[in-house]
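Note sheet for the following structure.
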Amino acid sequence: MSSPYGGRVGNVFGDGDLYMSNGGTKVFVEVLMLAVSASASREWEFRFAALIAAQDQAVFGRGAVGFDLEDLDRGDTSAEHARNKDFVLDTVDLALGRRRWDELGYDPPFARDYLRRFRRLVEGFDPSTAVPRSRGFPATEDVVAVSCARHRVLSPLSYYKACVFCGRDQE
Ligand SMILES: [Zn+2]
């Protein structure tokens, strides 16, 4: 399958260094949404939560999601870069600590491996050498700081009024 973004095929996260199957992507998105629902409090953090929510294949198509680390608008200053990077790493660590995994209803066998690999990508990513694109990173006006009342998970995309667990219930 080719994509308009050149090298991106399937569900690829972070410059093609982390490829996940459709099932793996679903797990990755679910454990990150459970974590980020607890960690997000600033505007940029809700935008990151919205980026993760936008990886919901039930809504946006199986095999059609993914993002590159260059897509993240990291902020204008190196202090903001550092703060936002720390936030992403802290959120991944929360997920690695099995935040609310008891609510998944299944045992996610590959989640820790995906999370560790994603963490390494984020940790090693150097924004000073990356070409900033911010393509696909949700804009402030497209993001709302609300949660799904039923699942207590952020539903941060203003144009999509459900969380990633709402769609799952209909499968
Ligand atoms: Zn929900």
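Please note that chains go A, B, ... in the order of the structure tokens, that every chain numbers its residues from 1, and that ligands are numbered from 1 in the order shown.
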Which residues sit within 9 Å of ligand 1, counting only C-alpha atoms and all ligand atoms, listed as an MDAnalysis selection string? chainID A and resid 147:155 161:169
Dump as a PDB file, in the first residue's frame, selection limited to N, CA and C atoms:
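out17.pdb, freshly written:
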ATOM      1  N   SER A 147     -13.604  14.574  28.607  1.00  0.00           N
ATOM      2  CA  SER A 147     -13.474  13.121  28.689  1.00  0.00           C
ATOM      3  C   SER A 147     -14.802  12.456  28.390  1.00  0.00           C
ATOM      4  N   CYS A 148     -14.722  11.242  27.902  1.00  0.00           N
ATOM      5  CA  CYS A 148     -15.906  10.414  27.742  1.00  0.00           C
ATOM      6  C   CYS A 148     -16.397  10.055  29.150  1.00  0.00           C
ATOM      7  N   ALA A 149     -17.658  10.368  29.445  1.00  0.00           N
ATOM      8  CA  ALA A 149     -18.184  10.138  30.792  1.00  0.00           C
ATOM      9  C   ALA A 149     -18.252   8.652  31.105  1.00  0.00           C
ATOM     10  N   ARG A 150     -18.477   7.858  30.089  1.00  0.00           N
ATOM     11  CA  ARG A 150     -18.646   6.427  30.296  1.00  0.00           C
ATOM     12  C   ARG A 150     -17.314   5.738  30.593  1.00  0.00           C
ATOM     13  N   HIS A 151     -16.277   6.099  29.846  1.00  0.00           N
ATOM     14  CA  HIS A 151     -14.993   5.396  29.994  1.00  0.00           C
ATOM     15  C   HIS A 151     -13.959   6.193  30.782  1.00  0.00           C
ATOM     16  N   ARG A 152     -14.249   7.444  31.106  1.00  0.00           N
ATOM     17  CA  ARG A 152     -13.303   8.311  31.822  1.00  0.00           C
ATOM     18  C   ARG A 152     -11.957   8.369  31.103  1.00  0.00           C
ATOM     19  N   VAL A 153     -12.046   8.500  29.799  1.00  0.00           N
ATOM     20  CA  VAL A 153     -10.871   8.608  28.943  1.00  0.00           C
ATOM     21  C   VAL A 153     -11.055   9.868  28.103  1.00  0.00           C
ATOM     22  N   LEU A 154      -9.977  10.595  27.870  1.00  0.00           N
ATOM     23  CA  LEU A 154     -10.074  11.827  27.085  1.00  0.00           C
ATOM     24  C   LEU A 154     -10.685  11.568  25.708  1.00  0.00           C
ATOM     25  N   SER A 155     -11.546  12.488  25.330  1.00  0.00           N
ATOM     26  CA  SER A 155     -12.127  12.497  23.988  1.00  0.00           C
ATOM     27  C   SER A 155     -11.772  13.856  23.391  1.00  0.00           C
ATOM     28  N   LYS A 161     -16.858  13.021  18.768  1.00  0.00           N
ATOM     29  CA  LYS A 161     -17.350  13.004  20.148  1.00  0.00           C
ATOM     30  C   LYS A 161     -17.388  11.604  20.748  1.00  0.00           C
ATOM     31  N   ALA A 162     -16.290  10.947  20.757  1.00  0.00           N
ATOM     32  CA  ALA A 162     -16.222   9.636  21.388  1.00  0.00           C
ATOM     33  C   ALA A 162     -14.781   9.378  21.773  1.00  0.00           C
ATOM     34  N   CYS A 163     -14.581   8.469  22.715  1.00  0.00           N
ATOM     35  CA  CYS A 163     -13.207   8.096  23.062  1.00  0.00           C
ATOM     36  C   CYS A 163     -12.849   6.808  22.318  1.00  0.00           C
ATOM     37  N   VAL A 164     -11.603   6.370  22.412  1.00  0.00           N
ATOM     38  CA  VAL A 164     -11.183   5.201  21.641  1.00  0.00           C
ATOM     39  C   VAL A 164     -11.867   3.921  22.118  1.00  0.00           C
ATOM     40  N   PHE A 165     -12.417   3.926  23.345  1.00  0.00           N
ATOM     41  CA  PHE A 165     -13.084   2.747  23.856  1.00  0.00           C
ATOM     42  C   PHE A 165     -14.555   2.675  23.422  1.00  0.00           C
ATOM     43  N   CYS A 166     -15.141   3.807  23.058  1.00  0.00           N
ATOM     44  CA  CYS A 166     -16.536   3.819  22.596  1.00  0.00           C
ATOM     45  C   CYS A 166     -16.675   2.975  21.326  1.00  0.00           C
ATOM     46  N   GLY A 167     -15.781   3.168  20.374  1.00  0.00           N
ATOM     47  CA  GLY A 167     -15.843   2.437  19.108  1.00  0.00           C
ATOM     48  C   GLY A 167     -15.638   0.965  19.310  1.00  0.00           C
ATOM     49  N   ARG A 168     -14.800   0.614  20.276  1.00  0.00           N
ATOM     50  CA  ARG A 168     -14.493  -0.783  20.535  1.00  0.00           C
ATOM     51  C   ARG A 168     -15.738  -1.561  20.958  1.00  0.00           C
ATOM     52  N   ASP A 169     -16.622  -0.894  21.680  1.00  0.00           N
ATOM     53  CA  ASP A 169     -17.813  -1.553  22.188  1.00  0.00           C
ATOM     54  C   ASP A 169     -18.753  -1.996  21.063  1.00  0.00           C
TER      55      ASP A 169
END
Can you pull out every residue within 7 Å of A:Pro138, counting only C-alpha atoms, but drop anything in the same chain fewer than 6 positions away, and send it as a list of chain:residue names? A:Arg47, A:Ala50, A:Leu51
With stretch 81-87 of chain A as the partner and 10 Å as the cut-off, tabulate the residues of stretch 104-130 of chain A that qualify, each row holding the nearest pair of atoms and their distance in Å to one decimal, using only C-alpha atoms, sorted by chain and rising number, as JSON lines.
{"residue": "A:Val122", "atom": "CA", "partner": "A:Lys85", "partner_atom": "CA", "distance": 7.3}
{"residue": "A:Glu123", "atom": "CA", "partner": "A:Lys85", "partner_atom": "CA", "distance": 7.7}
{"residue": "A:Phe125", "atom": "CA", "partner": "A:Lys85", "partner_atom": "CA", "distance": 9.3}
{"residue": "A:Asp126", "atom": "CA", "partner": "A:His81", "partner_atom": "CA", "distance": 9.9}
{"residue": "A:Pro127", "atom": "CA", "partner": "A:His81", "partner_atom": "CA", "distance": 7.9}
{"residue": "A:Ser128", "atom": "CA", "partner": "A:His81", "partner_atom": "CA", "distance": 9.8}
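The residue set within 12 Å of A:Leu94, counting only C-alpha atoms and dropping same-chain residues fewer than 5 places from it, reads Val31, Leu32, Met33, Leu34, Ala35, Val36, Ser37, Ala38, Ser39, Ala40, Phe87, Val88, Leu89, Arg99, Arg100, Trp101, Arg112, Leu115, Arg116 and Arg119 of chain A.
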Residues just named, written with C-alpha atoms as a short mmCIF file (atom, residue, chain, number, x, y, z; two decimals), in the first residue's frame:
data_model
loop_
_atom_site.label_atom_id
_atom_site.label_comp_id
_atom_site.auth_asym_id
_atom_site.auth_seq_id
_atom_site.Cartn_x
_atom_site.Cartn_y
_atom_site.Cartn_z
CA VAL A 31 -2.78 2.00 26.79
CA LEU A 32 -1.53 5.48 25.82
CA MET A 33 -5.02 6.97 26.06
CA LEU A 34 -5.47 5.52 29.55
CA ALA A 35 -2.15 7.10 30.58
CA VAL A 36 -2.54 10.47 28.88
CA SER A 37 -6.03 10.86 30.34
CA ALA A 38 -4.28 11.04 33.72
CA SER A 39 -1.24 13.07 32.71
CA ALA A 40 -2.56 15.82 30.39
CA PHE A 87 5.61 15.04 29.20
CA VAL A 88 5.56 12.40 26.44
CA LEU A 89 8.19 10.32 28.25
CA ARG A 99 -1.99 2.53 34.34
CA ARG A 100 -5.61 1.22 34.42
CA TRP A 101 -4.68 -1.89 32.42
CA ARG A 112 5.28 -3.07 26.91
CA LEU A 115 5.92 1.36 24.58
CA ARG A 116 9.62 0.78 25.27
CA ARG A 119 10.04 5.67 24.38
#
Between atom CA of A:Pro156 and atom CA of A:Val144, distance in Å (one decimal): 4.9 Å
Using only C-alpha atoms, which residue out of A:Leu72, A:Ala58, A:Leu104, A:Val29 lies closest to A:Glu45? A:Leu72
Please identify the alpha helix (DSSP H) residues within stretch 26-128 of chain A (assignment by DSSP from backbone atoms) and present them as a PyMOL selection string. chain A and resi 26-39+43-53+57-60+78-96+111-124
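In this structure, atom CA of A:Asp73 sits 12.1 Å away from atom CA of A:Glu43.
Straight-line separation from atom CA of A:Thr129 to atom CA of A:Ala95: 28.2 Å.
Among the candidates A:Asp113, A:Asp142, A:Asp68, A:Asp90, the residue lying nearest to A:Phe28 is A:Asp113 (atoms considered: only C-alpha atoms).
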How would you write, as a PDB file with N, CA and C atoms, in the first residue's frame, the set of residues in stretch 5-77 of chain A that DSSP gives as strand (DSSP E)?
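What ended up in result.pdb:
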ATOM      1  N   ASN A  11       0.744   1.036   9.594  1.00  0.00           N
ATOM      2  CA  ASN A  11       0.739   1.792  10.838  1.00  0.00           C
ATOM      3  C   ASN A  11       2.172   1.987  11.303  1.00  0.00           C
ATOM      4  N   VAL A  12       2.749   3.095  10.909  1.00  0.00           N
ATOM      5  CA  VAL A  12       4.147   3.356  11.228  1.00  0.00           C
ATOM      6  C   VAL A  12       4.227   4.549  12.156  1.00  0.00           C
ATOM      7  N   PHE A  13       4.922   4.387  13.249  1.00  0.00           N
ATOM      8  CA  PHE A  13       5.041   5.469  14.213  1.00  0.00           C
ATOM      9  C   PHE A  13       6.498   5.854  14.357  1.00  0.00           C
ATOM     10  N   LEU A  18       9.049   2.152  14.018  1.00  0.00           N
ATOM     11  CA  LEU A  18       8.160   1.378  14.866  1.00  0.00           C
ATOM     12  C   LEU A  18       6.927   1.006  14.055  1.00  0.00           C
ATOM     13  N   TYR A  19       6.978  -0.163  13.489  1.00  0.00           N
ATOM     14  CA  TYR A  19       5.836  -0.633  12.723  1.00  0.00           C
ATOM     15  C   TYR A  19       4.977  -1.529  13.605  1.00  0.00           C
ATOM     16  N   MET A  20       3.683  -1.330  13.549  1.00  0.00           N
ATOM     17  CA  MET A  20       2.781  -2.170  14.334  1.00  0.00           C
ATOM     18  C   MET A  20       1.678  -2.702  13.448  1.00  0.00           C
ATOM     19  N   GLY A  66      -0.998   6.365  11.857  1.00  0.00           N
ATOM     20  CA  GLY A  66       0.448   6.456  12.064  1.00  0.00           C
ATOM     21  C   GLY A  66       0.886   7.910  12.023  1.00  0.00           C
ATOM     22  N   PHE A  67       2.020   8.177  12.636  1.00  0.00           N
ATOM     23  CA  PHE A  67       2.559   9.537  12.575  1.00  0.00           C
ATOM     24  C   PHE A  67       4.073   9.472  12.681  1.00  0.00           C
TER      25      PHE A  67
END
